[in-house]
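Working notes, structure below.
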Protein chains: 2
Amino acid sequence: MDTPEDHPRYKSLLLRHRLEEGLRSGMTTPTGLVAHGRGEAFDYLLGEVTIPSALAATQVAAALLLLAERPVLSVNGNAAALVRDEMVELAKELACPIEINIFHESPERRRLIAAHFAAAGCAVFGEVPDAMLEGLSSARARVDSRGMFRADVVVVSLEDGDRTEALVRGGKRVIAIDLNPLSRTPQTADIAIVDNVDRAYPGLTRAVRELRTHSPSALQAMVDSYNKSATLAAAVAVIRAGVPAGGARE
Amino acid sequence: MDTPEDHPRYKSLLLRHRLEEGLRSGMTTPTGLVAHGRGEAFDYLLGEVTIPSALAATQVAAALLLLAERPVLSVNGNAAALVRDEMVELAKELACPIEINIFHESPERRRLIAAHFAAAGCAVFGEVPDAMLEGLSSARARVDSRGMFRADVVVVSLEDGDRTEALVRGGKRVIAIDLNPLSRTPQTADIAIVDNVDRAYPGLTRAVRELRTHSPSALQAMVDSYNKSATLAAAVAVIRAGVPAGGARE
């Protein structure tokens, strides 16, 4: 990408560029690009920063991940294209697997995503799923018996509502990274981080490092005191405030 | 597309399908898909309906088009893929040209868009531009001497702010169809229609038919009484109201 790093839209253009590369390689889909655009609009309304309530939810999510016995990071085509390195760093910090989980089933896209992570020295689960989540149509239910199937805590980003619901119904604690506080995914998840993935994953990694020395009971107290409705209401309030009556924003 | 017409998201999925087809043919770009996603988010916040203030702006825009001596409809890759037939109908009603105007210069995309309109029996300008708008970098300034160059009123949809500004500075009256009332395009245009293109073009055609029998002085009075700030403030108010504190929307 030729855009200079001091361009005001550098980060936004860089993310878009990564998705376009993903589309070229076949890792991401046209629908994924449209979904990214929807996210961009919500990020624009959030001011393209990590808002305080998202930072707080990130801390709680990090505590839950440190308490987890078998955490898994779920990755789809968009997330692979956008934040591979950031996800690998969090997975290393947690010594946990990353598992491929795509909306439109495609063995070829699973293979491309696995290869993209392999190129960064990271093996992922889910290239050839061998188990099923209950309560989802078969194409969407496929998981890895070593990963998502037996996980107790799952991080999903840019995920759809049905799959999030199926994970929650399956008894897993779900941490969702999603820019639209009104959508079903954060409404359904246990912990909602209303933030862009390129800020949320590094934030989670930092929080895991910071909280690692704390006792399980202190971490559990953080998790127990979490109020997801407050997270979502705070994000909605920021979005409302970000839509000034008649004013220009661009 | 296999989605049944009574599916709640039928129209939204149909538009996305048209863009994906456009991407496959080379008429639209990956960036165009991301831009469409941003529009989808704003349309979602508007409730995916033509709001009263947009209907009012559409009536004023129709009056201005009926008063215009040399109106032109500007079309880019997204608009060509999404609303070709709707644009052709408006152009026939006004007996005015449609002109290709794309953000990332590409003779091949100009050719594909022209062929897409030719397939619907409509010749368009701008396949090979032969004139320049002032105040824009050369690749973005290219227009047709028979069309945009000499137009007095231009309808743009899904247009960028720089180009809209250059048209306005060039003395043209600009009608902008744009879902984000905060962005520079509707802020810069003379008349802003905050509505999805698939509702806005048929709405314009209906309004032109309804207003055709009115006197020029009555139409001019409509145009003179138009208040764009009120249009934009009303759209912002609807978006704010569409973001309920903590409530689910999906």
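Labels used: A, B, ... for chains in the order of the structure tokens, numbers from 1 for residues in each chain, and numbers from 1 for ligands as shown.
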Counting only C-alpha atoms, give me one row per residue of chain B with an atom at most 8 Å from an atom of chain A, showing the shortest contact pair and its distance in Å to one decimal, sorted by chain then residue number, as a Markdown table.
```
| residue | atom | partner | partner_atom | distance |
| --- | --- | --- | --- | --- |
| B:Arg16 | CA | A:Thr31 | CA | 7.5 |
| B:Glu20 | CA | A:Pro30 | CA | 6.2 |
| B:Pro30 | CA | A:Glu20 | CA | 6.2 |
| B:Thr31 | CA | A:Arg16 | CA | 7.5 |
| B:Leu33 | CA | A:Val34 | CA | 5.1 |
| B:Val34 | CA | A:Gly37 | CA | 4.1 |
| B:Ala35 | CA | A:Gly37 | CA | 5.8 |
| B:His36 | CA | A:Val34 | CA | 6.2 |
| B:Gly37 | CA | A:Gly37 | CA | 3.9 |
| B:Arg38 | CA | A:Gly37 | CA | 4.4 |
| B:Gly39 | CA | A:Arg38 | CA | 7.2 |
| B:Glu40 | CA | A:Arg38 | CA | 6.3 |
| B:Ala41 | CA | A:Arg38 | CA | 4.9 |
| B:Phe42 | CA | A:Ala41 | CA | 7.3 |
| B:Pro181 | CA | A:Gly246 | CA | 7.9 |
| B:Leu182 | CA | A:Ala248 | CA | 5.0 |
| B:Ser183 | CA | A:Glu250 | CA | 5.4 |
| B:Arg184 | CA | A:Glu250 | CA | 6.1 |
| B:Gln187 | CA | A:Ala248 | CA | 7.2 |
| B:Ser229 | CA | A:Gly246 | CA | 6.5 |
| B:Ala230 | CA | A:Gly246 | CA | 7.6 |
| B:Leu232 | CA | A:Gly246 | CA | 5.5 |
| B:Ala233 | CA | A:Gly246 | CA | 4.0 |
| B:Ala234 | CA | A:Gly246 | CA | 7.7 |
| B:Val236 | CA | A:Ala245 | CA | 5.8 |
| B:Ala237 | CA | A:Ala245 | CA | 6.5 |
| B:Ile239 | CA | A:Val243 | CA | 7.8 |
| B:Arg240 | CA | A:Arg240 | CA | 5.5 |
| B:Val243 | CA | A:Val236 | CA | 6.6 |
| B:Pro244 | CA | A:Val236 | CA | 7.2 |
| B:Ala245 | CA | A:Ala233 | CA | 5.4 |
| B:Gly246 | CA | A:Ala233 | CA | 4.0 |
| B:Gly247 | CA | A:Leu182 | CA | 6.7 |
| B:Ala248 | CA | A:Leu182 | CA | 5.0 |
| B:Arg249 | CA | A:Leu182 | CA | 5.5 |
| B:Glu250 | CA | A:Ser183 | CA | 5.4 |
```
Next, the residues of the selection above should be written as a PDB file, in the first residue's frame with C-alpha atoms.
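Saved result, out09.pdb, follows:
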```
ATOM      1  CA  ARG B  16     -25.298  -7.144  -2.119  1.00  0.00           C
ATOM      2  CA  GLU B  20     -20.844  -9.199  -5.995  1.00  0.00           C
ATOM      3  CA  PRO B  30     -13.443  -4.297  -3.510  1.00  0.00           C
ATOM      4  CA  THR B  31     -13.365  -0.751  -2.117  1.00  0.00           C
ATOM      5  CA  LEU B  33     -18.076  -3.245  -1.519  1.00  0.00           C
ATOM      6  CA  VAL B  34     -16.643  -1.784   1.676  1.00  0.00           C
ATOM      7  CA  ALA B  35     -18.302   1.558   0.885  1.00  0.00           C
ATOM      8  CA  HIS B  36     -21.592  -0.275   0.349  1.00  0.00           C
ATOM      9  CA  GLY B  37     -21.236  -1.866   3.787  1.00  0.00           C
ATOM     10  CA  ARG B  38     -20.816   1.581   5.350  1.00  0.00           C
ATOM     11  CA  GLY B  39     -24.009   2.636   3.610  1.00  0.00           C
ATOM     12  CA  GLU B  40     -25.797  -0.490   4.878  1.00  0.00           C
ATOM     13  CA  ALA B  41     -24.958   0.487   8.464  1.00  0.00           C
ATOM     14  CA  PHE B  42     -26.453   3.956   8.018  1.00  0.00           C
ATOM     15  CA  PRO B 181     -25.725  12.680   6.561  1.00  0.00           C
ATOM     16  CA  LEU B 182     -22.426  13.442   8.310  1.00  0.00           C
ATOM     17  CA  SER B 183     -20.207  12.922   5.283  1.00  0.00           C
ATOM     18  CA  ARG B 184     -18.830  15.657   3.073  1.00  0.00           C
ATOM     19  CA  GLN B 187     -22.742  18.534   3.320  1.00  0.00           C
ATOM     20  CA  SER B 229     -29.447  21.924   6.921  1.00  0.00           C
ATOM     21  CA  ALA B 230     -32.956  20.893   7.941  1.00  0.00           C
ATOM     22  CA  LEU B 232     -29.463  16.732   7.292  1.00  0.00           C
ATOM     23  CA  ALA B 233     -30.575  17.546  10.849  1.00  0.00           C
ATOM     24  CA  ALA B 234     -33.730  15.485  10.355  1.00  0.00           C
ATOM     25  CA  VAL B 236     -29.349  12.778  12.078  1.00  0.00           C
ATOM     26  CA  ALA B 237     -32.326  12.916  14.449  1.00  0.00           C
ATOM     27  CA  ILE B 239     -30.354   7.972  13.298  1.00  0.00           C
ATOM     28  CA  ARG B 240     -30.036   9.095  16.926  1.00  0.00           C
ATOM     29  CA  VAL B 243     -29.846   3.936  18.405  1.00  0.00           C
ATOM     30  CA  PRO B 244     -31.816   3.079  21.546  1.00  0.00           C
ATOM     31  CA  ALA B 245     -29.917   3.183  24.833  1.00  0.00           C
ATOM     32  CA  GLY B 246     -28.842  -0.424  25.356  1.00  0.00           C
ATOM     33  CA  GLY B 247     -31.671  -1.922  23.325  1.00  0.00           C
ATOM     34  CA  ALA B 248     -31.394  -4.649  20.695  1.00  0.00           C
ATOM     35  CA  ARG B 249     -32.265  -3.867  17.102  1.00  0.00           C
ATOM     36  CA  GLU B 250     -31.453  -6.939  15.035  1.00  0.00           C
TER      37      GLU B 250
END
```
Chain B least-squares fitted onto chain A over all paired Cα atoms, as an mmCIF file with C-alpha atoms, in the first residue's frame:
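Dumped to superposed-v1.cif:
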```cif
data_model
loop_
_atom_site.group_PDB
_atom_site.id
_atom_site.type_symbol
_atom_site.label_atom_id
_atom_site.label_comp_id
_atom_site.auth_asym_id
_atom_site.auth_seq_id
_atom_site.Cartn_x
_atom_site.Cartn_y
_atom_site.Cartn_z
ATOM 1 C CA MET B 1 0.026 -0.040 0.001
ATOM 2 C CA ASP B 2 1.397 3.377 -0.988
ATOM 3 C CA THR B 3 -0.440 5.533 1.563
ATOM 4 C CA PRO B 4 1.994 7.336 3.913
ATOM 5 C CA GLU B 5 1.787 6.349 7.604
ATOM 6 C CA ASP B 6 0.912 9.903 8.651
ATOM 7 C CA HIS B 7 -2.187 9.979 6.428
ATOM 8 C CA PRO B 8 -5.218 10.575 8.675
ATOM 9 C CA ARG B 9 -6.930 7.485 7.288
ATOM 10 C CA TYR B 10 -3.783 5.329 7.203
ATOM 11 C CA LYS B 11 -5.008 2.631 9.589
ATOM 12 C CA SER B 12 -8.433 2.437 8.023
ATOM 13 C CA LEU B 13 -6.925 2.189 4.518
ATOM 14 C CA LEU B 14 -4.371 -0.388 5.695
ATOM 15 C CA LEU B 15 -7.132 -2.641 7.070
ATOM 16 C CA ARG B 16 -9.108 -2.276 3.845
ATOM 17 C CA HIS B 17 -5.973 -3.086 1.859
ATOM 18 C CA ARG B 18 -5.453 -6.268 3.898
ATOM 19 C CA LEU B 19 -9.025 -7.365 3.163
ATOM 20 C CA GLU B 20 -8.580 -6.687 -0.554
ATOM 21 C CA GLU B 21 -5.439 -8.814 -0.472
ATOM 22 C CA GLY B 22 -7.457 -11.510 1.280
ATOM 23 C CA LEU B 23 -10.103 -11.295 -1.417
ATOM 24 C CA ARG B 24 -7.462 -11.684 -4.108
ATOM 25 C CA SER B 25 -6.027 -14.783 -2.420
ATOM 26 C CA GLY B 26 -9.509 -16.212 -1.806
ATOM 27 C CA MET B 27 -9.252 -16.102 1.998
ATOM 28 C CA THR B 28 -11.951 -13.459 2.399
ATOM 29 C CA THR B 29 -15.238 -13.075 0.514
ATOM 30 C CA PRO B 30 -17.101 -10.163 -1.104
ATOM 31 C CA THR B 31 -19.674 -10.461 1.691
ATOM 32 C CA GLY B 32 -16.822 -10.104 4.170
ATOM 33 C CA LEU B 33 -15.884 -6.769 2.575
ATOM 34 C CA VAL B 34 -19.443 -5.498 2.920
ATOM 35 C CA ALA B 35 -19.478 -6.605 6.570
ATOM 36 C CA HIS B 36 -16.203 -4.744 7.100
ATOM 37 C CA GLY B 37 -17.793 -1.594 5.676
ATOM 38 C CA ARG B 38 -20.640 -1.884 8.187
ATOM 39 C CA GLY B 39 -18.045 -2.125 10.933
ATOM 40 C CA GLU B 40 -16.222 0.932 9.554
ATOM 41 C CA ALA B 41 -19.417 2.983 9.880
ATOM 42 C CA PHE B 42 -19.827 2.020 13.537
ATOM 43 C CA ASP B 43 -16.136 2.656 14.208
ATOM 44 C CA TYR B 44 -16.518 6.086 12.600
ATOM 45 C CA LEU B 45 -19.413 6.807 14.963
ATOM 46 C CA LEU B 46 -17.260 5.619 17.920
ATOM 47 C CA GLY B 47 -14.536 8.075 16.865
ATOM 48 C CA GLU B 48 -12.164 5.253 15.819
ATOM 49 C CA VAL B 49 -10.800 4.894 19.333
ATOM 50 C CA THR B 50 -11.108 2.309 22.095
ATOM 51 C CA ILE B 51 -13.798 3.833 24.286
ATOM 52 C CA PRO B 52 -13.461 3.503 28.100
ATOM 53 C CA SER B 53 -16.235 0.904 28.379
ATOM 54 C CA ALA B 54 -14.489 -1.253 25.762
ATOM 55 C CA LEU B 55 -11.232 -0.993 27.686
ATOM 56 C CA ALA B 56 -13.043 -2.098 30.847
ATOM 57 C CA ALA B 57 -14.663 -5.047 29.018
ATOM 58 C CA THR B 58 -11.240 -5.977 27.633
ATOM 59 C CA GLN B 59 -9.836 -6.213 31.168
ATOM 60 C CA VAL B 60 -12.695 -8.480 32.248
ATOM 61 C CA ALA B 61 -12.266 -10.618 29.134
ATOM 62 C CA ALA B 62 -8.549 -10.978 29.897
ATOM 63 C CA ALA B 63 -9.389 -12.112 33.449
ATOM 64 C CA LEU B 64 -11.826 -14.713 32.088
ATOM 65 C CA LEU B 65 -9.200 -15.943 29.624
ATOM 66 C CA LEU B 66 -6.621 -16.301 32.431
ATOM 67 C CA LEU B 67 -9.148 -18.322 34.468
ATOM 68 C CA ALA B 68 -10.134 -20.506 31.509
ATOM 69 C CA GLU B 69 -8.941 -24.108 31.311
ATOM 70 C CA ARG B 70 -9.312 -24.550 27.555
ATOM 71 C CA PRO B 71 -9.653 -21.139 25.872
ATOM 72 C CA VAL B 72 -9.812 -20.967 22.066
ATOM 73 C CA LEU B 73 -9.574 -18.011 19.684
ATOM 74 C CA SER B 74 -11.966 -18.384 16.764
ATOM 75 C CA VAL B 75 -10.828 -16.938 13.433
ATOM 76 C CA ASN B 76 -12.746 -16.344 10.195
ATOM 77 C CA GLY B 77 -11.598 -15.008 6.825
ATOM 78 C CA ASN B 78 -11.893 -11.314 7.719
ATOM 79 C CA ALA B 79 -10.095 -11.679 11.057
ATOM 80 C CA ALA B 80 -7.347 -13.769 9.420
ATOM 81 C CA ALA B 81 -6.752 -11.061 6.815
ATOM 82 C CA LEU B 82 -7.024 -8.160 9.261
ATOM 83 C CA VAL B 83 -5.341 -9.276 12.484
ATOM 84 C CA ARG B 84 -3.438 -12.530 12.019
ATOM 85 C CA ASP B 85 -0.302 -11.340 13.839
ATOM 86 C CA GLU B 86 -2.291 -9.749 16.660
ATOM 87 C CA MET B 87 -4.227 -13.015 17.175
ATOM 88 C CA VAL B 88 -1.049 -15.100 17.120
ATOM 89 C CA GLU B 89 0.424 -12.888 19.823
ATOM 90 C CA LEU B 90 -2.614 -13.313 22.079
ATOM 91 C CA ALA B 91 -2.670 -17.088 21.474
ATOM 92 C CA LYS B 92 1.007 -17.322 22.442
ATOM 93 C CA GLU B 93 0.404 -15.283 25.579
ATOM 94 C CA LEU B 94 -2.421 -17.652 26.558
ATOM 95 C CA ALA B 95 -0.763 -20.790 25.121
ATOM 96 C CA CYS B 96 -4.120 -21.532 23.527
ATOM 97 C CA PRO B 97 -5.172 -22.684 20.062
ATOM 98 C CA ILE B 98 -6.633 -20.622 17.238
ATOM 99 C CA GLU B 99 -9.408 -22.378 15.310
ATOM 100 C CA ILE B 100 -10.793 -21.603 11.866
ATOM 101 C CA ASN B 101 -14.511 -21.000 11.878
ATOM 102 C CA ILE B 102 -16.051 -19.623 8.683
ATOM 103 C CA PHE B 103 -19.594 -18.582 7.872
ATOM 104 C CA HIS B 104 -19.817 -19.938 4.316
ATOM 105 C CA GLU B 105 -18.311 -23.442 4.391
ATOM 106 C CA SER B 106 -15.376 -23.883 2.002
ATOM 107 C CA PRO B 107 -12.550 -26.411 2.399
ATOM 108 C CA GLU B 108 -10.441 -24.204 0.108
ATOM 109 C CA ARG B 109 -10.877 -21.123 2.314
ATOM 110 C CA ARG B 110 -10.083 -23.212 5.409
ATOM 111 C CA ARG B 111 -6.888 -24.324 3.674
ATOM 112 C CA LEU B 112 -5.944 -20.736 2.681
ATOM 113 C CA ILE B 113 -6.523 -19.410 6.214
ATOM 114 C CA ALA B 114 -4.445 -22.257 7.711
ATOM 115 C CA ALA B 115 -1.643 -21.510 5.232
ATOM 116 C CA HIS B 116 -1.818 -17.785 6.095
ATOM 117 C CA PHE B 117 -1.239 -18.637 9.774
ATOM 118 C CA ALA B 118 1.396 -21.252 8.928
ATOM 119 C CA ALA B 119 3.299 -18.521 7.067
ATOM 120 C CA ALA B 120 3.499 -16.705 10.419
ATOM 121 C CA GLY B 121 4.747 -19.899 12.118
ATOM 122 C CA CYS B 122 1.416 -20.682 13.765
ATOM 123 C CA ALA B 123 -0.494 -23.958 13.359
ATOM 124 C CA VAL B 124 -4.259 -23.584 13.678
ATOM 125 C CA PHE B 125 -7.116 -26.003 14.261
ATOM 126 C CA GLY B 126 -10.125 -26.346 12.007
ATOM 127 C CA GLU B 127 -8.534 -26.862 8.620
ATOM 128 C CA VAL B 128 -10.442 -30.165 8.551
ATOM 129 C CA PRO B 129 -13.106 -30.074 11.279
ATOM 130 C CA ASP B 130 -14.002 -33.442 12.858
ATOM 131 C CA ALA B 131 -16.783 -32.595 15.348
ATOM 132 C CA MET B 132 -20.114 -30.761 15.438
ATOM 133 C CA LEU B 133 -21.640 -28.071 17.639
ATOM 134 C CA GLU B 134 -25.279 -28.761 18.496
ATOM 135 C CA GLY B 135 -28.095 -26.469 17.429
ATOM 136 C CA LEU B 136 -26.692 -25.268 14.110
ATOM 137 C CA SER B 137 -27.203 -26.413 10.538
ATOM 138 C CA SER B 138 -24.500 -28.927 9.671
ATOM 139 C CA ALA B 139 -22.398 -26.685 7.413
ATOM 140 C CA ARG B 140 -22.113 -24.068 10.174
ATOM 141 C CA ALA B 141 -21.648 -26.489 13.093
ATOM 142 C CA ARG B 142 -18.296 -27.991 12.116
ATOM 143 C CA VAL B 143 -15.558 -27.647 14.754
ATOM 144 C CA ASP B 144 -12.348 -29.334 15.838
ATOM 145 C CA SER B 145 -12.621 -31.947 18.608
ATOM 146 C CA ARG B 146 -9.341 -30.691 20.125
ATOM 147 C CA GLY B 147 -10.418 -27.015 20.047
ATOM 148 C CA MET B 148 -13.813 -25.327 19.994
ATOM 149 C CA PHE B 149 -15.641 -28.600 20.745
ATOM 150 C CA ARG B 150 -14.091 -28.930 24.212
ATOM 151 C CA ALA B 151 -13.333 -25.247 24.900
ATOM 152 C CA ASP B 152 -14.702 -23.537 28.013
ATOM 153 C CA VAL B 153 -14.053 -19.951 26.813
ATOM 154 C CA VAL B 154 -14.148 -18.825 23.165
ATOM 155 C CA VAL B 155 -13.140 -15.453 21.727
ATOM 156 C CA VAL B 156 -15.099 -14.611 18.566
ATOM 157 C CA SER B 157 -14.671 -11.523 16.420
ATOM 158 C CA LEU B 158 -16.769 -10.361 13.483
ATOM 159 C CA GLU B 159 -18.978 -13.380 14.252
ATOM 160 C CA ASP B 160 -22.631 -13.953 13.389
ATOM 161 C CA GLY B 161 -25.420 -14.161 15.935
ATOM 162 C CA ASP B 162 -26.536 -17.756 15.302
ATOM 163 C CA ARG B 163 -23.111 -19.187 15.852
ATOM 164 C CA THR B 164 -22.578 -17.100 18.983
ATOM 165 C CA GLU B 165 -25.898 -18.371 20.345
ATOM 166 C CA ALA B 166 -24.940 -21.987 19.599
ATOM 167 C CA LEU B 167 -21.650 -21.556 21.465
ATOM 168 C CA VAL B 168 -23.429 -20.045 24.476
ATOM 169 C CA ARG B 169 -26.102 -22.789 24.445
ATOM 170 C CA GLY B 170 -23.250 -25.313 24.316
ATOM 171 C CA GLY B 171 -22.155 -24.078 27.739
ATOM 172 C CA LYS B 172 -19.181 -22.047 26.580
ATOM 173 C CA ARG B 173 -18.400 -18.551 27.867
ATOM 174 C CA VAL B 174 -18.171 -16.321 24.794
ATOM 175 C CA ILE B 175 -16.146 -13.108 24.477
ATOM 176 C CA ALA B 176 -17.315 -11.197 21.380
ATOM 177 C CA ILE B 177 -15.400 -8.407 19.635
ATOM 178 C CA ASP B 178 -17.962 -6.506 17.560
ATOM 179 C CA LEU B 179 -18.354 -2.854 16.537
ATOM 180 C CA ASN B 180 -22.156 -2.829 16.436
ATOM 181 C CA PRO B 181 -23.496 -2.822 20.007
ATOM 182 C CA LEU B 182 -27.018 -3.321 18.641
ATOM 183 C CA SER B 183 -26.319 -6.576 16.832
ATOM 184 C CA ARG B 184 -27.119 -10.028 18.134
ATOM 185 C CA THR B 185 -23.525 -11.200 18.617
ATOM 186 C CA PRO B 186 -22.586 -8.818 21.460
ATOM 187 C CA GLN B 187 -26.147 -9.056 22.797
ATOM 188 C CA THR B 188 -25.762 -12.856 23.043
ATOM 189 C CA ALA B 189 -22.149 -13.151 24.194
ATOM 190 C CA ASP B 190 -21.086 -13.213 27.854
ATOM 191 C CA ILE B 191 -18.605 -10.374 27.418
ATOM 192 C CA ALA B 192 -18.884 -7.772 24.650
ATOM 193 C CA ILE B 193 -15.896 -5.728 23.490
ATOM 194 C CA VAL B 194 -17.252 -2.952 21.245
ATOM 195 C CA ASP B 195 -14.002 -2.106 19.502
ATOM 196 C CA ASN B 196 -12.201 -2.596 16.204
ATOM 197 C CA VAL B 197 -10.305 -5.916 16.045
ATOM 198 C CA ASP B 198 -7.011 -4.173 15.315
ATOM 199 C CA ARG B 199 -7.267 -2.397 18.672
ATOM 200 C CA ALA B 200 -9.076 -5.131 20.623
ATOM 201 C CA TYR B 201 -6.577 -8.006 20.165
ATOM 202 C CA PRO B 202 -3.477 -5.987 21.182
ATOM 203 C CA GLY B 203 -5.556 -4.625 24.077
ATOM 204 C CA LEU B 204 -6.434 -8.160 25.192
ATOM 205 C CA THR B 205 -2.787 -9.234 24.992
ATOM 206 C CA ARG B 206 -1.699 -6.249 27.113
ATOM 207 C CA ALA B 207 -4.444 -6.912 29.653
ATOM 208 C CA VAL B 208 -3.521 -10.619 29.930
ATOM 209 C CA ARG B 209 0.097 -9.621 30.639
ATOM 210 C CA GLU B 210 -0.944 -7.050 33.234
ATOM 211 C CA LEU B 211 -3.373 -9.350 35.041
ATOM 212 C CA ARG B 212 -1.298 -12.531 34.964
ATOM 213 C CA THR B 213 0.181 -12.003 38.432
ATOM 214 C CA HIS B 214 -3.193 -11.528 40.086
ATOM 215 C CA SER B 215 -4.831 -14.314 42.109
ATOM 216 C CA PRO B 216 -7.612 -16.409 40.623
ATOM 217 C CA SER B 217 -10.000 -15.083 43.252
ATOM 218 C CA ALA B 218 -9.196 -11.475 42.282
ATOM 219 C CA LEU B 219 -9.703 -12.336 38.603
ATOM 220 C CA GLN B 220 -12.945 -14.148 39.412
ATOM 221 C CA ALA B 221 -14.182 -11.095 41.297
ATOM 222 C CA MET B 222 -13.549 -8.988 38.158
ATOM 223 C CA VAL B 223 -15.510 -11.435 36.042
ATOM 224 C CA ASP B 224 -18.356 -11.667 38.568
ATOM 225 C CA SER B 225 -18.749 -7.901 38.762
ATOM 226 C CA TYR B 226 -19.017 -7.493 34.968
ATOM 227 C CA ASN B 227 -22.225 -5.986 33.631
ATOM 228 C CA LYS B 228 -22.612 -6.487 29.879
ATOM 229 C CA SER B 229 -25.708 -4.291 29.619
ATOM 230 C CA ALA B 230 -23.627 -1.404 30.944
ATOM 231 C CA THR B 231 -20.939 -2.101 28.297
ATOM 232 C CA LEU B 232 -23.484 -2.001 25.507
ATOM 233 C CA ALA B 233 -25.349 1.027 26.888
ATOM 234 C CA ALA B 234 -22.077 2.944 27.154
ATOM 235 C CA ALA B 235 -21.190 2.158 23.533
ATOM 236 C CA VAL B 236 -24.638 3.234 22.375
ATOM 237 C CA ALA B 237 -24.274 6.483 24.329
ATOM 238 C CA VAL B 238 -20.964 7.218 22.591
ATOM 239 C CA ILE B 239 -22.490 6.521 19.184
ATOM 240 C CA ARG B 240 -25.449 8.800 19.944
ATOM 241 C CA ALA B 241 -23.080 11.531 21.067
ATOM 242 C CA GLY B 242 -21.037 10.946 17.886
ATOM 243 C CA VAL B 243 -24.053 11.851 15.752
ATOM 244 C CA PRO B 244 -24.332 15.604 16.318
ATOM 245 C CA ALA B 245 -27.603 17.243 15.303
ATOM 246 C CA GLY B 246 -26.910 18.522 11.792
ATOM 247 C CA GLY B 247 -23.164 18.854 12.283
ATOM 248 C CA ALA B 248 -20.442 17.691 9.905
ATOM 249 C CA ARG B 249 -18.049 14.976 10.995
ATOM 250 C CA GLU B 250 -15.848 14.133 8.026
#
```
Exercise. Apply DSSP to the backbone of this structure and, from segment 5-204 of chain B, keep only the residues in strand (DSSP E or B); write these as an MDAnalysis selection string.
Key: chainID B and resid 71:75 98:100 125 131:132 142:143 153:157 173:177 191:193
Selection above as a file: C-alpha atoms, as a JSON list (two decimals), in the first residue's frame:
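That gives us again-v5.json:
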```
[["chain", "number", "residue", "atom", "x", "y", "z"],
["B", 71, "PRO", "CA", -29.24, 17.85, -16.30],
["B", 72, "VAL", "CA", -26.92, 14.83, -16.13],
["B", 73, "LEU", "CA", -27.04, 11.70, -13.98],
["B", 74, "SER", "CA", -23.58, 10.64, -12.85],
["B", 75, "VAL", "CA", -22.98, 6.91, -12.47],
["B", 98, "ILE", "CA", -26.17, 9.37, -17.89],
["B", 99, "GLU", "CA", -22.40, 9.81, -17.60],
["B", 100, "ILE", "CA", -19.80, 7.43, -16.19],
["B", 125, "PHE", "CA", -21.47, 9.29, -21.88],
["B", 131, "ALA", "CA", -12.84, 17.23, -21.12],
["B", 132, "MET", "CA", -11.66, 18.16, -17.63],
["B", 142, "ARG", "CA", -12.13, 13.61, -16.62],
["B", 143, "VAL", "CA", -15.63, 14.28, -17.98],
["B", 153, "VAL", "CA", -27.60, 20.21, -12.64],
["B", 154, "VAL", "CA", -25.87, 16.93, -11.75],
["B", 155, "VAL", "CA", -27.25, 14.02, -9.74],
["B", 156, "VAL", "CA", -24.50, 12.10, -7.92],
["B", 157, "SER", "CA", -24.96, 9.01, -5.78],
["B", 173, "ARG", "CA", -26.16, 22.56, -8.85],
["B", 174, "VAL", "CA", -25.51, 19.15, -7.28],
["B", 175, "ILE", "CA", -28.15, 16.72, -5.99],
["B", 176, "ALA", "CA", -26.45, 14.07, -3.82],
["B", 177, "ILE", "CA", -27.94, 10.72, -2.83],
["B", 191, "ILE", "CA", -29.69, 19.17, -2.28],
["B", 192, "ALA", "CA", -29.08, 16.10, -0.10],
["B", 193, "ILE", "CA", -31.25, 12.99, -0.34]]
```
Self-check item: DSSP-assigned helix (DSSP H, G or I) among segment 3-82 of chain A, expressed as a ChimeraX atom specification
Solution: /A:10-25,30-46,52-67,77-82
